Structures are given as structure tokens and as C-alpha cells.
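Below is the file upload39.cif, which contains mmCIF, C-alpha atoms.
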```
data_coords
loop_
_atom_site.label_atom_id
_atom_site.label_comp_id
_atom_site.auth_asym_id
_atom_site.auth_seq_id
_atom_site.Cartn_x
_atom_site.Cartn_y
_atom_site.Cartn_z
CA MET A 1 77.86 372.75 94.91
CA ASP A 2 78.37 375.75 92.72
CA TYR A 3 79.69 379.14 93.72
CA TYR A 4 76.30 380.83 94.20
CA GLU A 5 74.88 378.02 96.30
CA MET A 6 77.97 378.17 98.50
CA LYS A 7 77.59 381.93 98.94
CA LEU A 8 73.89 381.62 99.79
CA ARG A 9 74.64 378.97 102.40
CA GLN A 10 77.36 381.09 103.93
CA ARG A 11 74.98 384.01 104.12
CA PHE A 12 71.85 382.31 105.44
CA GLU A 13 73.16 379.38 107.48
CA PRO A 14 74.63 380.30 110.85
CA SER A 15 78.23 379.27 111.28
CA GLY A 16 78.79 376.06 113.21
CA VAL A 17 75.50 374.52 112.07
CA THR A 18 75.91 371.27 110.23
CA ARG A 19 73.80 370.66 107.20
CA ASN A 20 71.17 367.90 107.19
CA THR A 21 72.16 364.64 105.62
CA GLN A 22 70.59 363.69 102.32
CA SER A 23 68.35 361.07 103.95
CA GLU A 24 66.98 363.64 106.43
CA GLU A 25 66.28 366.03 103.57
CA ASP A 26 64.59 363.29 101.55
CA ALA A 27 62.43 362.33 104.53
CA PHE A 28 61.42 365.97 105.06
CA TYR A 29 60.44 366.48 101.43
CA ALA A 30 58.59 363.14 101.33
CA SER A 31 56.52 364.09 104.38
CA PHE A 32 55.94 367.55 102.91
CA ALA A 33 54.71 366.00 99.66
CA GLU A 34 52.39 363.70 101.63
CA ARG A 35 50.92 366.65 103.51
CA CYS A 36 50.41 368.58 100.27
CA ALA A 37 48.62 365.58 98.76
CA LEU A 38 46.40 365.25 101.84
CA TYR A 39 45.51 368.94 101.79
CA THR A 40 44.76 368.75 98.07
CA ARG A 41 42.42 365.79 98.60
CA LEU A 42 40.74 367.59 101.49
CA LEU A 43 40.17 370.71 99.37
CA GLU A 44 38.79 368.59 96.53
CA LYS A 45 36.35 366.91 98.93
CA LEU A 46 35.25 370.26 100.33
CA ALA A 47 34.77 371.68 96.84
CA PHE A 48 32.77 368.59 95.85
CA ARG A 49 30.56 368.95 98.91
CA ALA A 50 30.02 372.63 98.20
CA ASN A 51 29.08 371.86 94.60
CA THR A 52 26.67 369.09 95.58
CA ARG A 53 25.10 371.28 98.25
CA ASP A 54 24.52 374.05 95.70
CA THR A 55 23.04 371.53 93.29
CA ALA A 56 20.79 370.11 96.00
CA VAL A 57 19.54 373.57 96.92
CA ALA A 58 18.95 374.42 93.28
CA THR A 59 17.02 371.23 92.57
CA SER A 60 14.94 371.50 95.73
CA SER A 61 13.96 375.10 94.97
CA GLN A 62 12.98 374.41 91.35
CA PRO A 63 9.60 372.79 92.16
CA LEU A 64 8.73 375.78 94.35
CA ILE A 65 9.48 378.16 91.50
CA ARG A 66 7.37 376.10 89.13
CA LYS A 67 4.45 376.10 91.57
CA THR A 68 4.55 379.86 92.07
CA ILE A 69 4.89 380.60 88.37
CA GLY A 70 2.43 377.95 87.17
#
```

Give the structure from this file in C-alpha cells form.
Amino acid sequence: MDYYEMKLRQRFEPSGVTRNTQSEEDAFYASFAERCALYTRLLEKLAFRANTRDTAVATSSQPLIRKTIG
């Protein structure tokens, strides 16, 4: 731990609070990474659905445009 990290911990961690062990920290970051991956996949699926819906609307309206023009 360098000097600045020590000063930051003294400033932001209340006195008397013990720091998490490395395994607890690793577990937290692993679960956080899993949640981020899940949210990313969810957003990708939603974006894909939005894109396919727009495409479906565009393709279904094209014959109507052709009929009115032609």
C-alpha cells in the first residue's frame, strides 16, 4: 500500500472498520462483472429486437407504398 492509498483509506474509511479480505473483494468484483455481462447481453437483445421490429415495419409498409405510387 502506498502513501496516497493509505491517506485515502484513512480519510474515507471510518475508524474501527476492518477492511474486507481479498477473497471477499474478489467475490464482489466477480459478481459485479457477471451482472455487467448480463446487462450487456440484455441491452444487446433489446437493441436487436428494436432493429428487427423497425425492419419488419419497413418491409411491411413497402408494398403499400408501391401500391399507392403504382

Open item on the list: What's the separation between CA of Lys7 (chain A) and CA of Ser23 (chain A), in Å to one decimal place?
Closed with: 23.4 Å

Open item on the list: One number please: CA of Asn51 (chain A) to CA of Arg35 (chain A), in Å, one decimal.
Closed with: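 Going from CA of Asn51 (chain A) over to CA of Arg35 (chain A) covers 24.2 Å.
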
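For the pair CA of Glu25 (chain A) and CA of Tyr3 (chain A), the interatomic distance is 21.2 Å.
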
Assuming the input is short of atoms at region 28-53 of chain A, produce N, CA and C atoms for that part as a compact mmCIF listing (two decimals), keeping the file's coordinate frame.
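Saved file out.txt follows:
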```
# COMPACT_ATOMS: atom_id res chain seq x y z
N PHE A 28 62.19 364.73 104.88
CA PHE A 28 61.42 365.97 105.06
C PHE A 28 60.57 366.25 103.82
N TYR A 29 61.18 366.17 102.65
CA TYR A 29 60.44 366.48 101.43
C TYR A 29 59.36 365.44 101.15
N ALA A 30 59.61 364.18 101.52
CA ALA A 30 58.59 363.14 101.33
C ALA A 30 57.39 363.42 102.23
N SER A 31 57.64 363.79 103.48
CA SER A 31 56.52 364.09 104.38
C SER A 31 55.80 365.36 103.93
N PHE A 32 56.55 366.32 103.41
CA PHE A 32 55.94 367.55 102.91
C PHE A 32 55.04 367.24 101.71
N ALA A 33 55.51 366.38 100.82
CA ALA A 33 54.71 366.00 99.66
C ALA A 33 53.45 365.26 100.09
N GLU A 34 53.57 364.41 101.11
CA GLU A 34 52.39 363.70 101.63
C GLU A 34 51.37 364.68 102.18
N ARG A 35 51.85 365.66 102.95
CA ARG A 35 50.92 366.65 103.51
C ARG A 35 50.25 367.45 102.41
N CYS A 36 51.00 367.84 101.39
CA CYS A 36 50.41 368.58 100.27
C CYS A 36 49.34 367.74 99.58
N ALA A 37 49.61 366.46 99.40
CA ALA A 37 48.62 365.58 98.76
C ALA A 37 47.37 365.46 99.62
N LEU A 38 47.56 365.34 100.94
CA LEU A 38 46.40 365.25 101.84
C LEU A 38 45.57 366.52 101.80
N TYR A 39 46.24 367.68 101.84
CA TYR A 39 45.51 368.94 101.79
C TYR A 39 44.78 369.10 100.46
N THR A 40 45.41 368.66 99.38
CA THR A 40 44.76 368.75 98.07
C THR A 40 43.50 367.90 98.03
N ARG A 41 43.61 366.66 98.56
CA ARG A 41 42.42 365.79 98.60
C ARG A 41 41.33 366.39 99.47
N LEU A 42 41.72 366.98 100.60
CA LEU A 42 40.74 367.59 101.49
C LEU A 42 40.02 368.75 100.78
N LEU A 43 40.78 369.59 100.10
CA LEU A 43 40.17 370.71 99.37
C LEU A 43 39.25 370.21 98.26
N GLU A 44 39.66 369.14 97.58
CA GLU A 44 38.79 368.59 96.53
C GLU A 44 37.49 368.07 97.12
N LYS A 45 37.56 367.41 98.28
CA LYS A 45 36.35 366.91 98.93
C LYS A 45 35.45 368.06 99.36
N LEU A 46 36.05 369.11 99.91
CA LEU A 46 35.25 370.26 100.33
C LEU A 46 34.60 370.94 99.14
N ALA A 47 35.34 371.06 98.05
CA ALA A 47 34.77 371.68 96.84
C ALA A 47 33.64 370.81 96.29
N PHE A 48 33.82 369.50 96.32
CA PHE A 48 32.77 368.59 95.85
C PHE A 48 31.52 368.73 96.70
N ARG A 49 31.71 368.80 98.02
CA ARG A 49 30.56 368.95 98.91
C ARG A 49 29.85 370.28 98.67
N ALA A 50 30.63 371.33 98.46
CA ALA A 50 30.02 372.63 98.20
C ALA A 50 29.23 372.60 96.90
N ASN A 51 29.78 371.96 95.88
CA ASN A 51 29.08 371.86 94.60
C ASN A 51 27.82 371.03 94.72
N THR A 52 27.87 369.92 95.44
CA THR A 52 26.67 369.09 95.58
C THR A 52 25.63 369.79 96.43
N ARG A 53 26.06 370.55 97.42
CA ARG A 53 25.10 371.28 98.25
C ARG A 53 24.40 372.34 97.41
```
